[in-house]
file run_34.txt (compact mmCIF, C-alpha atoms)
# COMPACT_ATOMS: atom_id res chain seq x y z
CA MET A 17 94.14 159.73 -19.06
CA ASP A 18 94.77 162.22 -16.24
CA LEU A 19 97.71 163.65 -18.15
CA PHE A 20 95.54 163.99 -21.26
CA ILE A 21 92.85 165.94 -19.35
CA ASP A 22 95.54 168.12 -17.76
CA ILE A 23 96.94 168.98 -21.18
CA ILE A 24 93.49 169.86 -22.55
CA THR A 25 92.84 172.00 -19.45
CA GLY A 26 96.11 173.82 -19.93
CA LEU A 27 95.24 174.43 -23.57
CA CYS A 28 91.82 175.82 -22.59
CA PHE A 29 93.41 178.15 -20.01
CA PHE A 30 95.97 179.25 -22.60
CA ILE A 31 93.32 180.12 -25.21
CA GLY A 32 91.20 181.83 -22.54
CA SER A 33 94.03 184.01 -21.28
CA LEU A 34 95.10 184.77 -24.86
CA SER A 35 91.62 186.05 -25.71
CA ILE A 36 91.52 188.11 -22.49
CA ILE A 37 94.92 189.67 -23.33
CA ILE A 38 93.84 190.45 -26.92
CA GLY A 39 90.57 191.89 -25.62
CA ALA A 40 92.44 194.08 -23.14
CA CYS A 41 94.74 195.34 -25.93
CA GLY A 42 91.62 196.08 -27.99
CA LEU A 43 90.10 198.06 -25.11
CA ILE A 44 93.11 200.40 -25.25
CA LYS A 45 93.71 200.39 -28.98
CA LEU A 46 90.27 200.84 -30.57
CA PRO A 47 89.05 204.37 -31.33
CA ASP A 48 85.66 204.91 -29.64
CA VAL A 49 83.17 203.56 -27.09
CA PHE A 50 81.25 201.42 -29.56
CA SER A 51 84.33 199.67 -30.91
CA ARG A 52 85.68 199.09 -27.41
CA ILE A 53 82.48 197.27 -26.45
CA HIS A 54 83.39 194.62 -29.03
CA ALA A 55 86.71 194.00 -27.29
CA ALA A 56 84.93 193.77 -23.93
CA GLY A 57 82.47 191.32 -25.47
CA MET A 58 85.37 189.17 -26.54
CA ILE A 59 86.60 188.99 -22.94
CA ASP A 60 83.06 188.16 -21.76
CA THR A 61 82.49 185.30 -24.16
CA GLY A 62 85.81 183.82 -25.27
CA GLY A 63 87.73 184.36 -22.05
CA THR A 64 85.15 183.11 -19.55
CA ALA A 65 83.93 180.26 -21.77
CA PHE A 66 87.38 178.71 -22.13
CA PHE A 67 88.29 179.22 -18.46
CA LEU A 68 85.03 177.60 -17.33
CA LEU A 69 85.57 174.74 -19.80
CA GLY A 70 89.03 174.09 -18.35
CA MET A 71 87.71 174.13 -14.79
CA ILE A 72 84.83 171.79 -15.72
CA LEU A 73 87.35 169.31 -17.16
CA GLN A 74 89.27 169.39 -13.87
CA THR A 75 86.29 168.83 -11.56
CA GLY A 76 84.82 165.88 -13.46
CA TRP A 77 81.17 165.03 -12.74
CA SER A 78 80.04 166.56 -9.45
CA LEU A 79 77.83 169.34 -8.07
CA ILE A 80 80.70 171.80 -8.59
CA THR A 81 80.45 171.14 -12.35
CA VAL A 82 76.80 172.14 -12.27
CA LYS A 83 77.68 175.32 -10.39
CA LEU A 84 80.38 176.18 -12.93
CA ILE A 85 77.90 175.65 -15.77
CA LEU A 86 75.42 177.91 -13.95
CA ILE A 87 78.08 180.64 -13.68
CA GLY A 88 78.49 180.34 -17.45
CA VAL A 89 74.73 180.52 -18.02
CA PHE A 90 74.33 183.65 -15.89
CA ILE A 91 77.28 185.41 -17.58
CA PHE A 92 75.80 184.34 -20.92
CA PHE A 93 72.52 186.11 -20.11
CA THR A 94 73.84 189.20 -18.34
CA SER A 95 76.88 190.26 -20.39
CA PRO A 96 74.97 191.23 -23.59
CA VAL A 97 72.59 193.27 -21.43
CA THR A 98 75.43 195.32 -19.93
CA SER A 99 77.01 195.78 -23.39
CA HIS A 100 73.68 196.95 -24.79
CA VAL A 101 73.08 199.35 -21.89
CA THR A 102 76.53 200.91 -22.38
CA ALA A 103 75.99 201.34 -26.11
CA ASN A 104 72.43 202.61 -25.69
CA LEU A 105 73.46 205.21 -23.10
CA ALA A 106 76.23 206.45 -25.38
CA ARG A 107 73.69 206.82 -28.21
CA LYS A 108 71.19 208.55 -25.90
CA LYS A 109 73.86 211.14 -25.08
CA ASN A 110 74.12 211.79 -28.85
CA LEU A 111 77.57 210.25 -29.22
CA MET A 112 77.91 209.20 -32.87
CA PRO A 113 80.13 206.22 -33.71
CA VAL A 114 83.11 206.86 -35.98
CA GLY A 115 83.10 205.23 -39.41
CA LYS A 116 80.41 205.08 -42.05
CA LYS A 117 76.69 205.08 -41.43
CA ILE A 118 74.51 203.08 -43.79
CA GLY A 119 70.98 204.34 -44.31
CA LYS A 120 68.91 206.36 -41.87
CA LEU A 121 69.68 205.62 -38.23
CA LEU A 122 67.06 205.39 -35.52
CA MET B 140 50.54 174.94 -15.49
CA LYS B 141 53.11 177.73 -15.76
CA SER B 142 53.30 177.91 -11.95
CA ILE B 143 54.02 174.20 -11.73
CA SER B 144 56.82 174.39 -14.29
CA LEU B 145 58.31 177.41 -12.49
CA PHE B 146 58.16 175.42 -9.24
CA VAL B 147 59.90 172.44 -10.84
CA ILE B 148 62.65 174.67 -12.31
CA LEU B 149 63.20 176.46 -8.99
CA LEU B 150 63.27 173.20 -7.05
CA GLY B 151 65.75 171.66 -9.48
CA LEU B 152 67.98 174.71 -9.19
CA TRP B 153 67.73 174.58 -5.39
CA LEU B 154 68.59 170.87 -5.24
CA LEU B 155 71.60 171.35 -7.53
CA MET B 156 72.91 174.38 -5.66
CA SER B 157 72.48 173.14 -2.08
CA GLY B 158 74.04 169.67 -2.00
CA HIS B 159 72.42 168.92 1.39
CA TYR B 160 69.63 166.36 1.29
CA SER B 161 68.54 165.82 4.90
CA PHE B 162 64.78 165.86 5.49
CA LEU B 163 64.63 169.19 7.35
CA ILE B 164 66.72 171.15 4.85
CA THR B 165 64.99 169.68 1.79
CA SER B 166 61.54 170.48 3.19
CA LEU B 167 62.69 174.05 3.91
CA GLY B 168 63.84 174.25 0.28
CA VAL B 169 60.49 173.00 -1.01
CA LEU B 170 58.71 175.53 1.21
CA SER B 171 60.85 178.43 -0.01
CA CYS B 172 60.32 177.44 -3.66
CA ALA B 173 56.56 177.31 -3.07
CA PHE B 174 56.72 180.74 -1.43
CA CYS B 175 58.66 182.16 -4.42
CA VAL B 176 56.03 180.81 -6.84
CA TYR B 177 53.27 182.33 -4.65
CA VAL B 178 55.00 185.77 -4.68
CA ALA B 179 55.57 185.55 -8.45
CA ARG B 180 51.90 184.70 -9.01
CA ARG B 181 50.78 187.58 -6.79
CA ALA B 182 53.02 190.00 -8.70
CA LYS B 183 51.64 188.56 -12.01
CA LEU B 184 55.17 187.77 -13.20
CA ILE B 185 54.27 184.37 -14.62
CA ASP B 186 53.28 185.06 -18.19
CA LYS B 187 54.67 184.38 -21.66
CA GLU B 188 57.59 186.73 -21.09
CA GLY B 189 58.48 185.71 -17.56
CA LEU B 190 58.70 182.05 -18.45
CA PRO B 191 59.11 181.54 -22.23
CA LEU B 192 58.44 177.81 -22.23
CA PHE B 193 57.82 177.77 -25.98
CA PHE B 194 61.59 178.24 -26.49
CA PHE B 195 62.62 175.04 -24.76
CA PRO B 196 62.07 172.35 -27.44
CA ARG B 197 64.42 174.02 -29.93
CA LEU B 198 66.71 175.85 -27.51
CA PHE B 199 69.46 173.22 -27.51
CA ASN B 200 69.92 173.25 -31.29
CA TYR B 201 69.92 177.04 -31.33
CA LEU B 202 72.50 177.26 -28.53
CA ILE B 203 74.90 174.90 -30.32
CA TRP B 204 74.65 177.03 -33.46
CA LEU B 205 75.11 180.22 -31.38
CA PHE B 206 78.22 178.86 -29.64
CA LYS B 207 79.72 178.03 -33.03
CA GLU B 208 78.98 181.58 -34.27
CA ILE B 209 80.47 183.09 -31.08
CA PHE B 210 83.64 181.04 -31.50
CA ILE B 211 84.09 182.06 -35.16
CA SER B 212 83.45 185.74 -34.52
CA ASN B 213 85.79 185.65 -31.51
CA LEU B 214 88.56 184.52 -33.86
CA ASN B 215 87.68 187.23 -36.39
CA THR B 216 87.55 189.95 -33.72
CA ALA B 217 90.96 188.86 -32.43
CA LYS B 218 92.30 189.06 -35.99
CA VAL B 219 90.84 192.55 -36.48
CA ILE B 220 92.24 193.82 -33.16
CA ILE B 221 95.72 192.45 -33.87
CA SER B 222 95.87 193.66 -37.48
CA GLY B 223 94.24 197.01 -36.59
CA LYS B 224 92.15 197.07 -39.79
CA ILE B 225 88.93 198.49 -38.41
CA GLU B 226 86.25 200.20 -40.47
CA PRO B 227 83.33 200.56 -38.06
CA GLU B 228 79.89 200.86 -39.60
CA THR B 229 76.43 201.50 -38.21
CA PHE B 230 73.24 200.35 -39.88
CA THR B 231 69.69 199.23 -39.16
CA VAL B 232 68.17 195.78 -39.57
CA LYS B 233 64.59 194.61 -39.36
CA ALA B 234 63.58 191.92 -36.86
CA SER B 235 60.84 189.61 -38.12
CA GLN B 236 59.92 188.03 -34.76
CA SER B 237 56.44 188.65 -33.39
CA THR B 238 56.93 188.29 -29.62
CA ASP B 239 59.00 190.62 -27.46
CA VAL B 240 60.96 187.75 -25.89
CA ALA B 241 62.12 186.58 -29.31
CA LYS B 242 63.17 190.13 -30.23
CA VAL B 243 65.19 190.39 -27.02
CA THR B 244 66.76 187.01 -27.78
CA TYR B 245 67.71 188.20 -31.26
CA ALA B 246 69.19 191.48 -29.96
CA ASN B 247 71.07 189.61 -27.23
CA SER B 248 72.43 187.12 -29.75
CA ILE B 249 73.69 189.97 -31.95
CA THR B 250 75.39 191.57 -28.94
CA LEU B 251 76.78 188.28 -27.68
CA THR B 252 78.72 187.58 -30.87
CA PRO B 253 81.79 189.84 -30.62
CA GLY B 254 82.09 192.29 -33.49
CA THR B 255 78.44 193.34 -33.52
CA VAL B 256 76.49 195.29 -30.89
CA THR B 257 72.83 196.33 -30.86
CA THR B 258 72.87 199.99 -29.89
CA LYS B 259 69.22 200.98 -30.17
CA ILE B 260 65.84 199.29 -30.51
CA LYS B 261 62.66 200.89 -31.79
CA ASP B 262 59.60 198.71 -32.47
CA ASN B 263 61.07 196.04 -34.76
CA MET B 264 64.07 197.95 -36.09
CA PHE B 265 67.49 197.39 -34.53
CA GLU B 266 70.40 199.76 -34.91
CA VAL B 267 73.57 197.66 -35.07
CA HIS B 268 77.20 198.73 -34.79
CA ALA B 269 79.72 196.42 -36.47
CA LEU B 270 83.50 196.46 -36.24
CA ASN B 271 84.02 195.64 -39.89
CA SER B 272 81.95 195.23 -43.05
CA ASP B 273 82.34 191.43 -42.79
CA PHE B 274 80.58 191.41 -39.41
CA GLY B 275 78.00 193.82 -40.83
CA ASN B 276 77.29 191.51 -43.77
CA ASP B 277 76.84 188.59 -41.36
CA VAL B 278 74.02 190.44 -39.60
CA ARG B 279 72.52 191.88 -42.80
CA SER B 280 72.30 188.42 -44.37
CA ASN B 281 69.48 187.72 -41.81
CA VAL B 282 70.69 184.18 -41.03
CA MET B 283 70.42 184.80 -37.29
CA ASP B 284 67.05 186.51 -37.74
CA LYS B 285 65.66 183.40 -39.43
CA LYS B 286 67.16 181.14 -36.74
CA VAL B 287 65.48 183.11 -33.94
CA LYS B 288 62.23 183.14 -35.92
CA TRP B 289 62.52 179.34 -36.10
CA LEU B 290 63.32 179.17 -32.38
CA GLU B 291 60.20 181.16 -31.61
CA GLY B 292 57.99 178.75 -33.54
CA ASP B 293 54.36 179.58 -34.37
CA GLN B 294 53.29 182.32 -32.02

call {"tool": "encode", "arguments": {"input": "run_34.txt", "output": "structure tokens"}}
result
Amino acid sequence: MDLFIDIITGLCFFIGSLSIIIGACGLIKLPDVFSRIHAAGMIDTGGTAFFLLGMILQTGWSLITVKLILIGVFIFFTSPVTSHVTANLARKKNLMPVGKKIGKLL
Amino acid sequence: MKSISLFVILLGLWLLMSGHYSFLITSLGVLSCAFCVYVARRAKLIDKEGLPLFFFPRLFNYLIWLFKEIFISNLNTAKVIISGKIEPETFTVKASQSTDVAKVTYANSITLTPGTVTTKIKDNMFEVHALNSDFGNDVRSNVMDKKVKWLEGDQ
């Protein structure tokens, strides 16, 4: 059973680090601020979620599990706010995103 | 009523975070939670927005659905980044929620799913930036809008 949990944990860490690496590549590769925020969002959600899941599997049921879940909850609430603030500031400075615009923008 | 529920939430958080349960330390924790509730009441922070209790009955179902969406769009974003086929598009959508908290929840949910970001909010119109027309169609189909409307309930 221990071996089974260890394998699952390793798999979680692998997927988490894979999504962080892909997100980091996206941060460099994508063309403008708005597209790069998507890559950062991928690191925020996919990366941290899988790492926390792996750590939760390792700790079992204890107070540390609750603290790990709370870390996840706080990241879950704060990361979209920072993404939105970055995007909103870029729009306030009249930076237009590349690509097509559908309809009249605000 | 709202003050009591805030006190219970704070106390639960305190008990989970501390891990020490001797009489002195626990009573100090209870005192500090009561003081926090007193300060929040004085600053008039306890209202519908500060403590959106009407979310709680349906929150669990919504979160499961949101996690599924986040997972799927994570995969799609990874595919788009690796293949390099990006056609960014910007458009506006209408939010049908009535309370501000629900609108914020909707905008946060859009931002939280990778591939779509809310860039601007004015009254009940959101300006959304999507990495690809597939992500754009997901938001324009208003599935998430209806889910958040359902989460909000009758307000």

call {"tool": "atom_distance", "arguments": {"input": "run_34.txt", "atom1": "CA of Asp239 (chain B)", "atom2": "CA of Met264 (chain B)"}}
result
12.4 Å

call {"tool": "interface_residues", "arguments": {"input": "run_34.txt", "of": "chain B", "to": "chain A", "cutoff": "6 Å", "atoms": "only C-alpha atoms", "output": "PyMOL selection string"}}
result
chain B and resi 220+227-230+247+250-251+253-254+258-259

call {"tool": "write_last_selection", "arguments": {"input": "run_34.txt", "atoms": "C-alpha atoms", "output": "compact mmCIF listing (two decimals), in the coordinates of the input"}}
result
# COMPACT_ATOMS: atom_id res chain seq x y z
CA ILE B 220 92.24 193.82 -33.16
CA PRO B 227 83.33 200.56 -38.06
CA GLU B 228 79.89 200.86 -39.60
CA THR B 229 76.43 201.50 -38.21
CA PHE B 230 73.24 200.35 -39.88
CA ASN B 247 71.07 189.61 -27.23
CA THR B 250 75.39 191.57 -28.94
CA LEU B 251 76.78 188.28 -27.68
CA PRO B 253 81.79 189.84 -30.62
CA GLY B 254 82.09 192.29 -33.49
CA THR B 258 72.87 199.99 -29.89
CA LYS B 259 69.22 200.98 -30.17

call {"tool": "residues_near_point", "arguments": {"input": "run_34.txt", "point": "(72.9, 195.8, -45.0)", "cutoff": "12 Å", "atoms": "all atoms listed in the file", "output": "MDAnalysis selection string"}}
result
(chainID A and resid 117:120) or (chainID B and resid 228:233 265:269 272:281)

call {"tool": "atom_distance", "arguments": {"input": "run_34.txt", "atom1": "CA of Ile211 (chain B)", "atom2": "CA of Ser248 (chain B)"}}
result
13.8 Å

call {"tool": "residues_around", "arguments": {"input": "run_34.txt", "residues": "Ser142 (chain B)", "least_positions_apart": "4", "cutoff": "9 Å", "atoms": "all atoms listed in the file", "output": "list in words"}}
result
Phe146, Val147, Val176, Tyr177, Ala179, Arg180 and Ile185 of chain B

call {"tool": "axis_aligned_box", "arguments": {"input": "run_34.txt", "around": "region 218-226 of chain B", "padding_each_side": "4 Å", "output": "JSON"}}
result
{"center_x": 91.1, "center_y": 194.6, "center_z": -36.8, "size_x": 17.6, "size_y": 19.1, "size_z": 15.3}

call {"tool": "atom_distance", "arguments": {"input": "run_34.txt", "atom1": "CA of Leu68 (chain A)", "atom2": "CA of Phe29 (chain A)"}}
result
8.8 Å

call {"tool": "residues_around", "arguments": {"input": "run_34.txt", "residues": "Phe194 (chain B)", "least_positions_apart": "3", "cutoff": "9 Å", "atoms": "all atoms listed in the file", "output": "list in words"}}
result
Pro191, Arg197, Leu198, Ala241, Leu290, Glu291 and Gly292 of chain B

call {"tool": "closest_residue", "arguments": {"input": "run_34.txt", "among": "A:Thr81, A:Leu111, A:Thr64, A:Ala40", "to": "Met156 (chain B)", "atoms": "all atoms listed in the file"}}
result
A:Thr81

call {"tool": "decode", "arguments": {"input": "run_34.txt", "residues": "region 47-88 of chain A", "atoms": "N, CA and C atoms", "output": "PDB file, in the first residue's frame"}}
result
ATOM      1  N   PRO A  47       3.267  35.721 -27.456  1.00  0.00           N
ATOM      2  CA  PRO A  47       3.625  37.033 -28.014  1.00  0.00           C
ATOM      3  C   PRO A  47       3.433  38.250 -27.117  1.00  0.00           C
ATOM      4  N   ASP A  48       2.359  38.322 -26.317  1.00  0.00           N
ATOM      5  CA  ASP A  48       2.153  39.576 -25.567  1.00  0.00           C
ATOM      6  C   ASP A  48       1.723  39.313 -24.130  1.00  0.00           C
ATOM      7  N   VAL A  49       1.554  40.399 -23.371  1.00  0.00           N
ATOM      8  CA  VAL A  49       1.250  40.287 -21.937  1.00  0.00           C
ATOM      9  C   VAL A  49       0.047  39.392 -21.687  1.00  0.00           C
ATOM     10  N   PHE A  50      -1.036  39.641 -22.448  1.00  0.00           N
ATOM     11  CA  PHE A  50      -2.292  38.949 -22.176  1.00  0.00           C
ATOM     12  C   PHE A  50      -2.165  37.443 -22.390  1.00  0.00           C
ATOM     13  N   SER A  51      -1.431  37.054 -23.461  1.00  0.00           N
ATOM     14  CA  SER A  51      -1.258  35.621 -23.688  1.00  0.00           C
ATOM     15  C   SER A  51      -0.359  35.007 -22.631  1.00  0.00           C
ATOM     16  N   ARG A  52       0.636  35.780 -22.167  1.00  0.00           N
ATOM     17  CA  ARG A  52       1.545  35.217 -21.163  1.00  0.00           C
ATOM     18  C   ARG A  52       0.852  34.971 -19.835  1.00  0.00           C
ATOM     19  N   ILE A  53      -0.191  35.777 -19.544  1.00  0.00           N
ATOM     20  CA  ILE A  53      -0.946  35.553 -18.302  1.00  0.00           C
ATOM     21  C   ILE A  53      -1.565  34.156 -18.292  1.00  0.00           C
ATOM     22  N   HIS A  54      -1.982  33.664 -19.477  1.00  0.00           N
ATOM     23  CA  HIS A  54      -2.550  32.317 -19.529  1.00  0.00           C
ATOM     24  C   HIS A  54      -1.536  31.269 -19.084  1.00  0.00           C
ATOM     25  N   ALA A  55      -0.288  31.448 -19.561  1.00  0.00           N
ATOM     26  CA  ALA A  55       0.755  30.492 -19.165  1.00  0.00           C
ATOM     27  C   ALA A  55       1.006  30.563 -17.667  1.00  0.00           C
ATOM     28  N   ALA A  56       1.014  31.791 -17.118  1.00  0.00           N
ATOM     29  CA  ALA A  56       1.205  31.940 -15.669  1.00  0.00           C
ATOM     30  C   ALA A  56       0.046  31.307 -14.912  1.00  0.00           C
ATOM     31  N   GLY A  57      -1.169  31.437 -15.455  1.00  0.00           N
ATOM     32  CA  GLY A  57      -2.323  30.822 -14.817  1.00  0.00           C
ATOM     33  C   GLY A  57      -2.218  29.316 -14.789  1.00  0.00           C
ATOM     34  N   MET A  58      -1.607  28.765 -15.828  1.00  0.00           N
ATOM     35  CA  MET A  58      -1.400  27.315 -15.852  1.00  0.00           C
ATOM     36  C   MET A  58      -0.468  26.870 -14.732  1.00  0.00           C
ATOM     37  N   ILE A  59       0.594  27.655 -14.487  1.00  0.00           N
ATOM     38  CA  ILE A  59       1.499  27.325 -13.375  1.00  0.00           C
ATOM     39  C   ILE A  59       0.740  27.417 -12.059  1.00  0.00           C
ATOM     40  N   ASP A  60      -0.071  28.483 -11.903  1.00  0.00           N
ATOM     41  CA  ASP A  60      -0.811  28.704 -10.657  1.00  0.00           C
ATOM     42  C   ASP A  60      -1.737  27.547 -10.343  1.00  0.00           C
ATOM     43  N   THR A  61      -2.494  27.095 -11.349  1.00  0.00           N
ATOM     44  CA  THR A  61      -3.511  26.090 -11.049  1.00  0.00           C
ATOM     45  C   THR A  61      -2.964  24.674 -11.174  1.00  0.00           C
ATOM     46  N   GLY A  62      -2.513  24.304 -12.371  1.00  0.00           N
ATOM     47  CA  GLY A  62      -2.081  22.927 -12.583  1.00  0.00           C
ATOM     48  C   GLY A  62      -0.885  22.550 -11.741  1.00  0.00           C
ATOM     49  N   GLY A  63       0.138  23.414 -11.745  1.00  0.00           N
ATOM     50  CA  GLY A  63       1.361  23.096 -11.006  1.00  0.00           C
ATOM     51  C   GLY A  63       1.115  22.935  -9.524  1.00  0.00           C
ATOM     52  N   THR A  64       0.550  23.982  -8.881  1.00  0.00           N
ATOM     53  CA  THR A  64       0.387  23.924  -7.429  1.00  0.00           C
ATOM     54  C   THR A  64      -0.610  22.845  -7.026  1.00  0.00           C
ATOM     55  N   ALA A  65      -1.691  22.675  -7.816  1.00  0.00           N
ATOM     56  CA  ALA A  65      -2.695  21.692  -7.429  1.00  0.00           C
ATOM     57  C   ALA A  65      -2.079  20.295  -7.359  1.00  0.00           C
ATOM     58  N   PHE A  66      -1.311  19.918  -8.389  1.00  0.00           N
ATOM     59  CA  PHE A  66      -0.762  18.563  -8.381  1.00  0.00           C
ATOM     60  C   PHE A  66       0.322  18.391  -7.318  1.00  0.00           C
ATOM     61  N   PHE A  67       1.142  19.442  -7.095  1.00  0.00           N
ATOM     62  CA  PHE A  67       2.151  19.324  -6.035  1.00  0.00           C
ATOM     63  C   PHE A  67       1.493  19.173  -4.673  1.00  0.00           C
ATOM     64  N   LEU A  68       0.448  19.985  -4.406  1.00  0.00           N
ATOM     65  CA  LEU A  68      -0.233  19.887  -3.113  1.00  0.00           C
ATOM     66  C   LEU A  68      -0.894  18.520  -2.958  1.00  0.00           C
ATOM     67  N   LEU A  69      -1.478  18.003  -4.057  1.00  0.00           N
ATOM     68  CA  LEU A  69      -2.120  16.689  -3.998  1.00  0.00           C
ATOM     69  C   LEU A  69      -1.102  15.612  -3.632  1.00  0.00           C
ATOM     70  N   GLY A  70       0.076  15.663  -4.246  1.00  0.00           N
ATOM     71  CA  GLY A  70       1.123  14.699  -3.914  1.00  0.00           C
ATOM     72  C   GLY A  70       1.542  14.784  -2.470  1.00  0.00           C
ATOM     73  N   MET A  71       1.700  16.028  -1.964  1.00  0.00           N
ATOM     74  CA  MET A  71       2.113  16.189  -0.568  1.00  0.00           C
ATOM     75  C   MET A  71       1.037  15.710   0.383  1.00  0.00           C
ATOM     76  N   ILE A  72      -0.255  15.968   0.023  1.00  0.00           N
ATOM     77  CA  ILE A  72      -1.351  15.513   0.884  1.00  0.00           C
ATOM     78  C   ILE A  72      -1.351  13.985   0.970  1.00  0.00           C
ATOM     79  N   LEU A  73      -1.088  13.314  -0.159  1.00  0.00           N
ATOM     80  CA  LEU A  73      -1.036  11.849  -0.137  1.00  0.00           C
ATOM     81  C   LEU A  73       0.072  11.364   0.786  1.00  0.00           C
ATOM     82  N   GLN A  74       1.183  12.082   0.851  1.00  0.00           N
ATOM     83  CA  GLN A  74       2.295  11.646   1.696  1.00  0.00           C
ATOM     84  C   GLN A  74       2.031  11.860   3.173  1.00  0.00           C
ATOM     85  N   THR A  75       1.311  12.956   3.545  1.00  0.00           N
ATOM     86  CA  THR A  75       1.131  13.218   4.972  1.00  0.00           C
ATOM     87  C   THR A  75       0.039  12.352   5.579  1.00  0.00           C
ATOM     88  N   GLY A  76      -0.902  11.850   4.783  1.00  0.00           N
ATOM     89  CA  GLY A  76      -2.007  11.100   5.371  1.00  0.00           C
ATOM     90  C   GLY A  76      -2.971  12.041   6.058  1.00  0.00           C
ATOM     91  N   TRP A  77      -3.689  11.557   7.092  1.00  0.00           N
ATOM     92  CA  TRP A  77      -4.662  12.416   7.777  1.00  0.00           C
ATOM     93  C   TRP A  77      -4.032  13.032   9.018  1.00  0.00           C
ATOM     94  N   SER A  78      -3.688  14.317   8.968  1.00  0.00           N
ATOM     95  CA  SER A  78      -3.184  14.986  10.160  1.00  0.00           C
ATOM     96  C   SER A  78      -3.453  16.475  10.002  1.00  0.00           C
ATOM     97  N   LEU A  79      -2.987  17.276  10.968  1.00  0.00           N
ATOM     98  CA  LEU A  79      -3.209  18.725  10.878  1.00  0.00           C
ATOM     99  C   LEU A  79      -2.449  19.316   9.701  1.00  0.00           C
ATOM    100  N   ILE A  80      -1.314  18.666   9.335  1.00  0.00           N
ATOM    101  CA  ILE A  80      -0.517  19.185   8.213  1.00  0.00           C
ATOM    102  C   ILE A  80      -1.330  19.110   6.930  1.00  0.00           C
ATOM    103  N   THR A  81      -2.162  18.061   6.785  1.00  0.00           N
ATOM    104  CA  THR A  81      -3.019  17.943   5.604  1.00  0.00           C
ATOM    105  C   THR A  81      -3.937  19.149   5.486  1.00  0.00           C
ATOM    106  N   VAL A  82      -4.531  19.510   6.655  1.00  0.00           N
ATOM    107  CA  VAL A  82      -5.444  20.659   6.660  1.00  0.00           C
ATOM    108  C   VAL A  82      -4.700  21.917   6.234  1.00  0.00           C
ATOM    109  N   LYS A  83      -3.455  22.068   6.736  1.00  0.00           N
ATOM    110  CA  LYS A  83      -2.693  23.268   6.377  1.00  0.00           C
ATOM    111  C   LYS A  83      -2.376  23.284   4.892  1.00  0.00           C
ATOM    112  N   LEU A  84      -2.052  22.108   4.333  1.00  0.00           N
ATOM    113  CA  LEU A  84      -1.773  22.042   2.886  1.00  0.00           C
ATOM    114  C   LEU A  84      -3.016  22.421   2.083  1.00  0.00           C
ATOM    115  N   ILE A  85      -4.188  21.909   2.537  1.00  0.00           N
ATOM    116  CA  ILE A  85      -5.428  22.250   1.832  1.00  0.00           C
ATOM    117  C   ILE A  85      -5.676  23.758   1.909  1.00  0.00           C
ATOM    118  N   LEU A  86      -5.373  24.352   3.102  1.00  0.00           N
ATOM    119  CA  LEU A  86      -5.581  25.793   3.249  1.00  0.00           C
ATOM    120  C   LEU A  86      -4.663  26.581   2.315  1.00  0.00           C
ATOM    121  N   ILE A  87      -3.403  26.109   2.146  1.00  0.00           N
ATOM    122  CA  ILE A  87      -2.511  26.765   1.176  1.00  0.00           C
ATOM    123  C   ILE A  87      -3.172  26.760  -0.193  1.00  0.00           C
ATOM    124  N   GLY A  88      -3.729  25.587  -0.570  1.00  0.00           N
ATOM    125  CA  GLY A  88      -4.404  25.479  -1.862  1.00  0.00           C
ATOM    126  C   GLY A  88      -5.570  26.453  -1.972  1.00  0.00           C
TER     127      GLY A  88
END
